[in-house]
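Asks: query_1.tsv is reproduced in full below (TSV, C-alpha atoms and all ligand atoms).
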```tsv
chain	number	residue	atom	x	y	z
Z	1	MET	CA	54.79	52.15	-40.19
Z	2	ALA	CA	54.03	49.20	-42.43
Z	3	ASN	CA	50.82	49.54	-44.42
Z	4	ARG	CA	48.00	47.49	-42.91
Z	5	ALA	CA	44.68	46.69	-44.59
Z	6	THR	CA	42.10	48.06	-42.15
Z	7	GLN	CA	39.18	45.69	-41.55
Z	8	ARG	CA	35.73	47.20	-41.01
Z	9	LEU	CA	33.97	45.27	-38.26
Z	10	THR	CA	30.43	45.64	-36.94
Z	11	ASP	CA	29.14	45.33	-33.37
Z	12	THR	CA	27.80	41.77	-33.89
Z	13	PRO	CA	29.05	39.13	-31.40
Z	14	ALA	CA	31.18	37.42	-34.09
Z	15	ASP	CA	32.89	40.70	-34.99
Z	16	ILE	CA	33.48	41.58	-31.32
Z	17	VAL	CA	35.28	38.22	-30.94
Z	18	GLN	CA	37.31	39.03	-34.05
Z	19	ALA	CA	38.26	42.46	-32.62
Z	20	ALA	CA	39.28	40.82	-29.33
Z	21	GLU	CA	41.46	38.28	-31.17
Z	22	ILE	CA	43.26	41.01	-33.10
Z	23	LEU	CA	43.93	42.85	-29.82
Z	24	ARG	CA	45.17	39.69	-28.09
Z	25	ALA	CA	47.55	39.12	-31.02
Z	26	GLY	CA	49.05	42.60	-30.48
Z	27	GLY	CA	47.05	44.46	-33.15
Z	28	LEU	CA	45.45	47.91	-33.19
Z	29	VAL	CA	41.64	48.17	-33.15
Z	30	ALA	CA	39.62	51.38	-33.10
Z	31	PHE	CA	36.32	51.13	-31.22
Z	32	PRO	CA	33.52	53.42	-30.07
Z	33	THR	CA	33.28	54.76	-26.52
Z	34	GLU	CA	30.55	57.11	-25.30
Z	35	THR	CA	32.98	60.05	-25.71
Z	36	VAL	CA	34.97	59.53	-28.95
Z	37	TYR	CA	36.41	56.54	-30.84
Z	38	GLY	CA	39.55	55.14	-29.18
Z	39	LEU	CA	42.50	53.39	-30.82
Z	40	GLY	CA	43.04	50.35	-28.61
Z	41	ALA	CA	45.99	48.07	-27.97
Z	42	ASN	CA	46.97	45.69	-25.15
Z	43	ALA	CA	48.33	48.02	-22.44
Z	44	ARG	CA	50.74	45.30	-21.27
Z	45	ASP	CA	52.27	44.71	-24.75
Z	46	THR	CA	55.16	47.11	-25.38
Z	47	ASP	CA	55.23	46.60	-29.15
Z	48	ALA	CA	51.47	47.06	-29.48
Z	49	VAL	CA	51.61	50.28	-27.46
Z	50	ARG	CA	54.52	51.58	-29.56
Z	51	ALA	CA	52.41	50.86	-32.66
Z	52	ILE	CA	49.69	53.23	-31.33
Z	53	TYR	CA	52.21	56.10	-31.18
Z	54	ALA	CA	53.47	55.24	-34.69
Z	55	ALA	CA	49.98	55.02	-36.23
Z	56	LYS	CA	48.95	58.40	-34.73
Z	57	GLY	CA	52.27	60.19	-35.14
Z	58	ARG	CA	51.92	60.93	-31.43
Z	59	PRO	CA	54.79	62.48	-29.42
Z	60	ALA	CA	56.28	59.81	-27.10
Z	61	LYS	CA	55.95	62.20	-24.11
Z	62	ASN	CA	52.12	62.20	-24.30
Z	63	PRO	CA	50.86	59.30	-22.11
Z	64	LEU	CA	47.79	57.15	-22.89
Z	65	ILE	CA	44.60	56.35	-20.96
Z	66	VAL	CA	44.17	52.72	-19.83
Z	67	HIS	CA	40.61	51.40	-20.33
Z	68	VAL	CA	39.27	48.66	-18.07
Z	69	ALA	CA	36.00	46.70	-17.94
Z	70	ASP	CA	35.40	46.95	-14.19
Z	71	LEU	CA	36.61	48.26	-10.86
Z	72	ASP	CA	38.58	45.10	-10.05
Z	73	GLY	CA	40.58	45.56	-13.24
Z	74	ALA	CA	41.12	49.22	-12.33
Z	75	ARG	CA	42.37	48.40	-8.82
Z	76	ARG	CA	44.93	45.99	-10.31
Z	77	VAL	CA	46.44	48.89	-12.31
Z	78	ALA	CA	46.34	51.81	-9.84
Z	79	VAL	CA	46.11	52.65	-6.14
Z	80	PHE	CA	42.68	53.97	-5.16
Z	81	ASP	CA	42.33	56.35	-2.20
Z	82	ASP	CA	38.97	57.49	-0.74
Z	83	CYS	CA	38.50	60.25	-3.35
Z	84	ALA	CA	39.20	57.84	-6.20
Z	85	GLU	CA	36.79	55.26	-4.75
Z	86	ALA	CA	34.06	57.89	-4.36
Z	87	LEU	CA	34.44	59.19	-7.93
Z	88	ALA	CA	34.62	55.68	-9.41
Z	89	GLN	CA	31.48	54.61	-7.50
Z	90	ALA	CA	29.61	57.75	-8.58
Z	91	PHE	CA	30.63	58.07	-12.23
Z	92	TRP	CA	31.99	54.77	-13.61
Z	93	PRO	CA	31.29	53.47	-16.12
Z	94	GLY	CA	31.25	56.89	-17.79
Z	95	PRO	CA	33.16	59.82	-19.29
Z	96	LEU	CA	35.61	60.34	-16.39
Z	97	THR	CA	39.34	59.54	-16.36
Z	98	LEU	CA	41.26	59.41	-13.06
Z	99	VAL	CA	45.02	59.97	-12.82
Z	100	LEU	CA	46.25	57.80	-9.93
Z	101	PRO	CA	49.48	56.24	-8.62
Z	102	LEU	CA	50.49	53.36	-10.92
Z	103	ARG	CA	51.03	49.92	-9.44
Z	104	PRO	CA	54.47	49.05	-10.83
Z	105	GLU	CA	53.65	45.34	-10.51
Z	106	ALA	CA	50.63	45.76	-12.83
Z	107	GLY	CA	52.84	45.17	-15.84
Z	108	ILE	CA	51.58	48.18	-17.80
Z	109	ALA	CA	54.05	49.01	-20.60
Z	110	ALA	CA	56.21	52.02	-19.67
Z	111	GLU	CA	55.23	53.65	-22.99
Z	112	VAL	CA	51.61	53.91	-21.80
Z	113	THR	CA	52.49	56.27	-18.95
Z	114	ALA	CA	55.43	57.87	-20.80
Z	115	GLY	CA	57.57	56.52	-17.95
Z	116	GLN	CA	55.65	58.37	-15.20
Z	117	ALA	CA	54.71	56.88	-11.82
Z	118	SER	CA	51.05	57.78	-12.44
Z	119	VAL	CA	48.47	56.25	-14.76
Z	120	ALA	CA	45.29	57.61	-16.35
Z	121	LEU	CA	42.39	55.13	-15.98
Z	122	ARG	CA	38.89	55.00	-17.35
Z	123	MET	CA	35.96	52.57	-17.41
Z	124	PRO	CA	33.93	53.37	-20.52
Z	125	ALA	CA	30.14	52.95	-20.53
Z	126	HIS	CA	29.65	52.29	-24.25
Z	127	PRO	CA	28.30	48.73	-24.73
Z	128	VAL	CA	30.70	48.04	-27.63
Z	129	ALA	CA	33.73	49.21	-25.64
Z	130	GLN	CA	32.55	47.10	-22.69
Z	131	ALA	CA	32.03	44.05	-24.95
Z	132	ILE	CA	35.53	44.36	-26.45
Z	133	LEU	CA	37.16	44.80	-23.02
Z	134	ARG	CA	35.35	41.72	-21.68
Z	135	ALA	CA	35.89	39.54	-24.77
Z	136	SER	CA	39.62	40.35	-24.85
Z	137	GLY	CA	40.16	40.15	-21.11
Z	138	LEU	CA	42.72	42.94	-21.56
Z	139	ALA	CA	43.35	46.39	-20.16
Z	140	LEU	CA	43.44	48.54	-23.31
Z	141	ALA	CA	45.56	51.63	-23.83
Z	142	ALA	CA	43.46	53.86	-26.07
Z	143	PRO	CA	43.99	57.46	-27.16
Z	144	SER	CA	41.45	59.08	-29.46
Z	145	ALA	CA	41.58	57.36	-32.87
Z	146	ASN	CA	42.86	60.28	-34.95
Z	147	PRO	CA	46.24	61.40	-36.26
Z	148	SER	CA	47.93	63.46	-33.51
Z	149	GLY	CA	46.68	67.07	-33.53
Z	150	ALA	CA	43.65	66.42	-35.74
Z	151	VAL	CA	39.96	66.62	-34.84
Z	152	SER	CA	38.84	63.63	-32.69
Z	153	PRO	CA	36.61	61.00	-34.37
Z	154	THR	CA	32.99	60.46	-33.34
Z	155	THR	CA	32.12	57.98	-36.15
Z	156	ALA	CA	33.88	54.99	-37.75
Z	157	ALA	CA	34.05	56.98	-41.01
Z	158	HIS	CA	36.03	59.72	-39.18
Z	159	VAL	CA	38.46	57.05	-37.93
Z	160	LEU	CA	39.01	55.73	-41.46
Z	161	GLU	CA	39.52	59.26	-42.86
Z	162	GLY	CA	42.54	59.66	-40.61
Z	163	LEU	CA	43.92	56.17	-40.00
Z	164	SER	CA	42.82	53.84	-42.84
Z	165	GLY	CA	45.77	51.62	-43.78
Z	166	ARG	CA	47.57	52.38	-40.47
Z	167	ILE	CA	45.48	50.24	-38.07
Z	168	ASP	CA	44.21	46.63	-38.19
Z	169	ALA	CA	40.49	47.23	-37.71
Z	170	VAL	CA	37.73	49.62	-36.76
Z	171	VAL	CA	34.55	48.45	-35.03
Z	172	ASP	CA	31.58	50.52	-36.22
Z	173	GLY	CA	29.24	51.23	-33.32
Z	174	GLY	CA	27.58	54.35	-34.73
Z	175	ALA	CA	28.03	57.93	-33.56
Z	176	CYS	CA	29.44	58.55	-30.05
Z	177	PRO	CA	26.66	59.93	-27.81
Z	178	VAL	CA	28.73	62.34	-25.65
Z	179	GLY	CA	30.98	63.63	-28.43
Z	180	VAL	CA	33.85	65.19	-26.44
Z	181	GLU	CA	36.62	63.28	-24.63
Z	182	SER	CA	36.46	62.30	-20.97
Z	183	THR	CA	36.96	64.72	-18.11
Z	184	ILE	CA	40.42	64.06	-16.58
Z	185	VAL	CA	40.81	64.50	-12.81
Z	186	GLY	CA	44.24	64.17	-11.20
Z	187	LEU	CA	44.20	62.68	-7.69
Z	188	LEU	CA	47.94	62.51	-6.97
Z	189	ASP	CA	47.65	65.48	-4.63
Z	190	ALA	CA	44.74	67.89	-4.14
Z	191	PRO	CA	42.11	67.04	-6.80
Z	192	VAL	CA	42.83	68.89	-10.03
Z	193	LEU	CA	40.92	69.28	-13.30
Z	194	LEU	CA	43.49	68.24	-15.92
Z	195	ARG	CA	41.06	68.36	-18.86
Z	196	PRO	CA	37.41	69.47	-18.97
Z	197	GLY	CA	35.35	66.84	-20.79
Z	198	GLY	CA	32.17	64.83	-21.07
Z	199	LEU	CA	31.40	64.78	-17.33
Z	200	PRO	CA	30.64	68.31	-16.06
Z	201	SER	CA	33.32	69.38	-13.57
Z	202	GLU	CA	30.53	70.70	-11.32
Z	203	ALA	CA	29.37	67.07	-10.84
Z	204	VAL	CA	32.89	66.01	-9.80
Z	205	GLU	CA	33.10	68.92	-7.34
Z	206	ALA	CA	29.68	68.10	-5.85
Z	207	CYS	CA	30.80	64.49	-5.29
Z	208	LEU	CA	34.14	65.44	-3.69
Z	209	GLY	CA	32.73	68.38	-1.74
Z	210	VAL	CA	35.72	70.55	-2.72
Z	211	PRO	CA	36.47	72.70	-5.76
Z	212	LEU	CA	38.88	71.26	-8.33
Z	213	ALA	CA	42.17	73.09	-8.77
Z	214	ARG	CA	42.63	74.39	-12.36
Z	215	PRO	CA	46.14	74.08	-13.80
Z	216	GLY	CA	45.36	76.77	-16.37
Z	217	ALA	CA	44.64	79.26	-13.58
Z	218	ASP	CA	47.71	78.39	-11.47
Z	219	PRO	CA	51.11	78.33	-13.19
Z	220	ALA	CA	52.50	76.21	-10.30
Z	221	LEU	CA	50.22	73.29	-11.25
Z	222	PRO	CA	51.22	70.90	-14.05
Z	223	LEU	CA	49.03	70.50	-17.13
Z	224	ALA	CA	48.27	67.00	-18.39
Z	225	PRO	CA	51.38	66.26	-20.45
Z	226	GLY	CA	50.84	66.47	-24.18
Z	227	GLN	CA	47.95	68.92	-23.92
Z	228	LEU	CA	49.14	71.06	-26.78
Z	229	ALA	CA	47.82	74.58	-27.24
Z	230	SER	CA	47.05	73.77	-30.88
Z	231	HIS	CA	44.96	70.63	-31.21
Z	232	TYR	CA	41.71	69.53	-32.85
Z	233	ALA	CA	42.89	71.66	-35.76
Z	234	PRO	CA	40.68	71.85	-38.85
Z	235	ARG	CA	42.21	73.32	-42.03
Z	236	ALA	CA	40.01	76.39	-41.72
Z	237	ALA	CA	40.88	79.21	-39.31
Z	238	LEU	CA	38.49	79.64	-36.35
Z	239	ARG	CA	37.13	82.83	-34.78
Z	240	LEU	CA	35.33	82.34	-31.46
Z	241	ASN	CA	32.56	84.31	-29.70
Z	242	ALA	CA	31.39	85.64	-33.06
Z	243	GLY	CA	28.09	87.52	-33.36
Z	244	ARG	CA	27.84	86.78	-37.09
Z	245	ALA	CA	29.98	85.63	-40.02
Z	246	ARG	CA	32.17	88.22	-41.74
Z	247	ALA	CA	33.08	88.11	-45.47
Z	248	GLY	CA	34.86	84.83	-46.25
Z	249	GLU	CA	33.62	83.09	-43.08
Z	250	VAL	CA	30.92	80.47	-42.48
Z	251	LEU	CA	29.04	80.57	-39.18
Z	252	LEU	CA	28.91	77.62	-36.75
Z	253	GLY	CA	25.91	78.55	-34.64
Z	254	PHE	CA	24.76	77.78	-31.11
Z	255	GLY	CA	21.21	78.65	-30.11
Z	256	PRO	CA	18.63	80.43	-32.25
Z	257	VAL	CA	20.99	82.38	-34.57
Z	258	THR	CA	20.27	83.21	-38.21
Z	259	GLY	CA	22.57	82.62	-41.17
Z	260	ALA	CA	24.48	79.64	-39.69
Z	261	ALA	CA	26.02	77.13	-42.13
Z	262	ALA	CA	25.69	74.55	-39.33
Z	263	ASN	CA	24.28	74.76	-35.80
Z	264	LEU	CA	25.66	72.86	-32.78
Z	265	SER	CA	22.26	73.07	-31.08
Z	266	PRO	CA	19.52	75.42	-32.34
Z	267	ALA	CA	17.83	74.94	-28.94
Z	268	GLY	CA	21.01	75.99	-27.09
Z	269	ASP	CA	21.45	72.58	-25.42
Z	270	LEU	CA	25.08	71.96	-24.36
Z	271	ALA	CA	24.85	68.13	-24.43
Z	272	GLU	CA	23.51	68.25	-27.99
Z	273	ALA	CA	26.25	70.75	-28.93
Z	274	ALA	CA	29.00	68.51	-27.52
Z	275	ALA	CA	27.66	65.50	-29.44
Z	276	ASN	CA	27.69	67.54	-32.70
Z	277	LEU	CA	30.94	69.51	-32.19
Z	278	PHE	CA	33.59	67.42	-33.98
Z	279	ALA	CA	31.30	66.30	-36.83
Z	280	CYS	CA	30.30	69.96	-37.45
Z	281	LEU	CA	33.95	71.08	-37.51
Z	282	ARG	CA	34.76	68.33	-40.04
Z	283	ALA	CA	31.70	69.11	-42.20
Z	284	LEU	CA	32.42	72.86	-42.35
Z	285	ASP	CA	36.10	72.15	-43.03
Z	286	ALA	CA	35.06	69.89	-45.93
Z	287	THR	CA	33.17	72.79	-47.57
Z	288	GLY	CA	36.57	74.40	-48.18
Z	289	ALA	CA	35.65	77.52	-46.18
Z	290	ALA	CA	38.75	79.55	-45.30
Z	291	ALA	CA	37.42	80.49	-41.87
Z	292	ILE	CA	34.75	79.38	-39.41
Z	293	ALA	CA	33.13	81.88	-37.04
Z	294	VAL	CA	31.61	80.28	-33.92
Z	295	SER	CA	28.73	81.66	-31.82
Z	296	PRO	CA	29.41	82.28	-28.10
Z	297	ILE	CA	28.99	79.18	-25.90
Z	298	PRO	CA	28.40	79.47	-22.13
Z	299	GLU	CA	31.35	78.50	-19.90
Z	300	THR	CA	29.40	76.07	-17.67
Z	301	GLY	CA	28.80	72.31	-17.64
Z	302	LEU	CA	29.72	70.74	-20.97
Z	303	GLY	CA	30.40	74.27	-22.27
Z	304	LEU	CA	33.81	74.09	-20.52
Z	305	ALA	CA	34.83	71.11	-22.67
Z	306	ILE	CA	33.36	72.60	-25.86
Z	307	ASN	CA	35.14	75.95	-25.36
Z	308	ASP	CA	38.42	74.17	-24.46
Z	309	ARG	CA	38.33	72.20	-27.74
Z	310	LEU	CA	37.35	75.32	-29.74
Z	311	ARG	CA	40.18	77.39	-28.21
Z	312	ARG	CA	42.72	74.69	-29.11
Z	313	ALA	CA	41.24	74.41	-32.62
Z	314	ALA	CA	41.61	78.21	-32.97
Z	315	ALA	CA	45.17	78.39	-31.56
Z	316	PRO	CA	48.09	79.22	-33.87
Z	317	ARG	CA	49.41	76.00	-35.43
Z	318	GLY	CA	52.80	74.79	-34.23
V	401	LIG	O1	37.39	60.11	-23.79
V	401	LIG	C1	38.60	59.86	-23.79
V	401	LIG	O2	39.32	60.11	-22.81
V	401	LIG	C2	39.16	59.21	-25.05
V	401	LIG	C3	38.52	57.84	-25.20
V	401	LIG	C4	39.09	57.07	-26.35
V	401	LIG	O3	38.65	57.13	-24.00
V	401	LIG	N1	40.58	59.14	-24.98
V	401	LIG	C5	41.38	60.23	-25.09
V	401	LIG	O4	42.74	59.95	-25.12
V	401	LIG	O5	40.96	61.36	-25.19
V	401	LIG	P1	43.85	61.00	-25.58
V	401	LIG	O6	45.08	60.22	-25.67
V	401	LIG	O7	43.40	61.71	-26.80
V	401	LIG	O8	43.97	61.98	-24.37
V	401	LIG	C6	44.54	61.49	-23.17
V	401	LIG	C7	44.96	62.60	-22.27
V	401	LIG	C8	46.20	63.34	-22.75
V	401	LIG	O9	46.00	64.73	-22.62
V	401	LIG	C9	47.27	62.85	-21.80
V	401	LIG	O10	48.27	63.80	-21.63
V	401	LIG	C10	46.48	62.59	-20.53
V	401	LIG	O11	45.28	62.03	-21.00
V	401	LIG	N2	47.16	61.64	-19.64
V	401	LIG	C11	47.40	60.32	-19.86
V	401	LIG	N3	48.10	59.79	-18.86
V	401	LIG	C12	48.34	60.77	-17.97
V	401	LIG	C13	49.00	60.85	-16.71
V	401	LIG	N4	49.61	59.80	-16.17
V	401	LIG	N5	49.03	62.05	-16.09
V	401	LIG	C14	48.41	63.13	-16.60
V	401	LIG	N6	47.76	63.11	-17.79
V	401	LIG	C15	47.72	61.96	-18.47
V	402	MG	MG	43.23	62.88	-28.43
```
Just dump the structure as structure tokens.
Ligand code: TXA
Ligand code: MG

Replies:
Amino acid sequence: MANRATQRLTDTPADIVQAAEILRAGGLVAFPTETVYGLGANARDTDAVRAIYAAKGRPAKNPLIVHVADLDGARRVAVFDDCAEALAQAFWPGPLTLVLPLRPEAGIAAEVTAGQASVALRMPAHPVAQAILRASGLALAAPSANPSGAVSPTTAAHVLEGLSGRIDAVVDGGACPVGVESTIVGLLDAPVLLRPGGLPSEAVEACLGVPLARPGADPALPLAPGQLASHYAPRAALRLNAGRARAGEVLLGFGPVTGAAANLSPAGDLAEAAANLFACLRALDATGAAAIAVSPIPETGLGLAINDRLRRAAAPRG
């Protein structure tokens, strides 16, 4: 794509207005959400949405999440049944994405949904994301603001490392507090966990009163399209569930371990570990280490999302 000078904006009211104007003119603006930084464009502007795919090098088959400011905006884009209403009331704004039937009359660009009859929707809680959505008056298609396949960004500096010169602006709102992407729940049929993320799946199940189906566990269920086995890939190789580092490895610790080059949470707190995950992977990668050994992380709550990202980061590269 054409080289673009990337403006660095702050979260002041004047800069939020500037970000909204760029978006209304069809530009690409990266902004913070509570999960990770998103790369936003007007979801109803075909050219703007195509530019997201070009800037990220993203496969056209991998659909985007539409971000809205409020429930009214969400209901204009998708059809809400009782389950969707209950989850939206309980967890929005917040780190939950719902996959719902698309309203064809909503005018969402076909590229956003990769031509499917469903749409992924989310109402972010981050005040900067909310301010940009309200100032622009737009529904924003926004994948994570990283080149396709790379580690997701949790700071504006991470965004610029991957996309400087390829997007119009980044709004710096500091580090993302949750640190892993949203939990994606499909509600087209029986409720299904399409991606573990920043909202513990146990909380979703408690709200719905039924367990979520897991596509990974049932080959008959579809995965979220574009969920590649290898993703979040640092240059270094990863070895999971490691007791200690072997020769040539650095240790990414969790809990009170000794000899760690970095520690996701010395206290063993999963929320703290999620917030630190992507920055730690980038920092250890930047040391030039050939391999990163990672301490075991429990498979509950936010541990599901952390282990999912680590397994994809460790998978053989395609
Ligand atoms: O926290 C997040 O969700 C962040 C922030 C920026 O909101 N966004 C994010 O977007 O993680 P992205 O593009 O990196 O991941 C979106 C995921 C992909 O796995 C995609 O396949 C899935 O959502 N998805 C999008 N539309 C879908 C649909 N209609 N059906 C099933 N999966 C869908
Ligand atoms: Mg992503």

Asks: Once 4 Å is added on each side, what centre and edge lengths in Å to one decimal does the axis-aligned box around all listed atoms of range 180-195 of chain Z have, as JSON?

Replies:
```
{"center_x": 40.9, "center_y": 65.8, "center_z": -15.3, "size_x": 22.1, "size_y": 15.0, "size_z": 30.3}
```

Asks: Looking at all atoms listed in the file, which of Z:Ala279, Z:Leu208, Z:Arg244, Z:Pro256 is the one that sits closest to Ala90 in chain Z?

Replies: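 Under the stated criterion, the closest residue is Z:Leu208.
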
Asks: Quick one: everything within 7 Å of Val112 in chain Z, counting all atoms listed in the file, minus sequence neighbours fewer than 6 positions away in the same chain. Send it as a list in words.

Replies: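 What passes the distance filter is Ala43, Val49, Pro63, Leu64 and Ala141 of chain Z.
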
Asks: Smallest atom-to-atom distance to ligand MG 402 (chain V): which of Z:Ala286, Z:Ile167, Z:Ala142, Z:Leu121, using all atoms listed in the file?

Replies: Z:Ala142

Asks: Of the candidates Z:Ala314, Z:Leu138, Z:Val257, Z:Val29, which shows the shortest atom-to-atom distance to ligand LIG 401 (chain V), using only C-alpha atoms and all ligand atoms?

Replies: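 The closest residue to ligand LIG 401 (chain V) is Z:Val29.
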
Asks: If you count only C-alpha atoms and all ligand atoms, which residues end up within 8 Å of ligand LIG 401 (chain V), as a PyMOL selection string?

Replies: chain Z and resi 32-39+62-65+67+95-97+99-100+112-114+116-122+124+142-145+152+180-184+186+194-195+197-198+223-227

Asks: Nearest residue to Phe31 in chain Z out of Z:Val171, Z:Cys280, Z:Ala271, Z:Leu251, using only C-alpha atoms?

Replies: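 Residue with the minimum atom-to-atom distance to Phe31 in chain Z: Z:Val171.
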
Asks: Using CA of Ala313 in chain Z and CA of Pro234 in chain Z as the two end points, give the distance in Å to one decimal.

Replies: 6.8 Å

Asks: Using all atoms listed in the file, can you list as a PyMOL selection string the residues within 8 Å of (46.9, 49.4, -33.5)?

Replies: chain Z and resi 26-30+39-41+48-49+51-52+55+166-169

Asks: May I have the residues at most 12 Å from (37.3, 70.6, -6.6) in the file's coordinates, counting all atoms listed in the file, as a list of chain:residue names?

Replies: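 Every polymer residue passing the test: Z:Cys83, Z:Leu87, Z:Val185, Z:Gly186, Z:Leu187, Z:Asp189, Z:Ala190, Z:Pro191, Z:Val192, Z:Leu193, Z:Leu194, Z:Pro200, Z:Ser201, Z:Glu202, Z:Ala203, Z:Val204, Z:Glu205, Z:Ala206, Z:Cys207, Z:Leu208, Z:Gly209, Z:Val210, Z:Pro211, Z:Leu212, Z:Ala213, Z:Arg214, Z:Pro215.
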
Asks: Just checking: using all atoms listed in the file, which residue out of Z:Arg75, Z:Arg24, Z:Arg317, Z:Arg312 ends up closest to ligand MG 402 (chain V)?

Replies: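 Nearest to ligand MG 402 (chain V): Z:Arg312.
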
Asks: In Å, rounded to a single decimal, give me how far CA of Leu240 in chain Z is from CA of Ala315 in chain Z.

Replies: 10.6 Å

Asks: To one decimal place in Å, what is the distance between CA of Phe91 in chain Z and CA of Glu272 in chain Z?

Replies: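 These atoms are spaced 20.1 Å apart.
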
Asks: I need the residue nearest ligand MG 402 (chain V) from this list: Z:His231, Z:Arg311, Z:Arg4, Z:His126. Use all atoms listed in the file for the distance.

Replies: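 That would be Z:His231, the residue with the smallest distance to ligand MG 402 (chain V).
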
Asks: Could you name the residues that touch Tyr232 in chain Z at 6 Å or less, counting only C-alpha atoms, but leaving out those on the same chain fewer than 5 positions away, as a list in words?

Replies: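 Contacts, in chain order: Gly149, Ala150, Val151 and Ala313 of chain Z.
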
Asks: For the residues selected in the previous step, produce a file with C-alpha atoms as a PDB file, in the coordinates of the input.

Replies:
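Result file part38.pdb:
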```pdb
ATOM      1  CA  GLY Z 149      46.680  67.070 -33.530  1.00  0.00           C
ATOM      2  CA  ALA Z 150      43.650  66.420 -35.740  1.00  0.00           C
ATOM      3  CA  VAL Z 151      39.960  66.620 -34.840  1.00  0.00           C
ATOM      4  CA  ALA Z 313      41.240  74.410 -32.620  1.00  0.00           C
TER       5      ALA Z 313
END
```

Asks: Could you list, as a PyMOL selection string, every residue within 9 Å of Asp45 in chain Z, counting only C-alpha atoms and ignoring same-chain residues fewer than 5 positions away?

Replies: chain Z and resi 26+50+107-109

Asks: I'd like the neighbourhood of Thr10 in chain Z as a list in words, where a residue qualifies if any of its atoms comes within 8 Å (using all atoms listed in the file), though same-chain residues fewer than 6 positions away should be ignored.

Replies: Ile16, Val171, Asp172 and Gly173 of chain Z
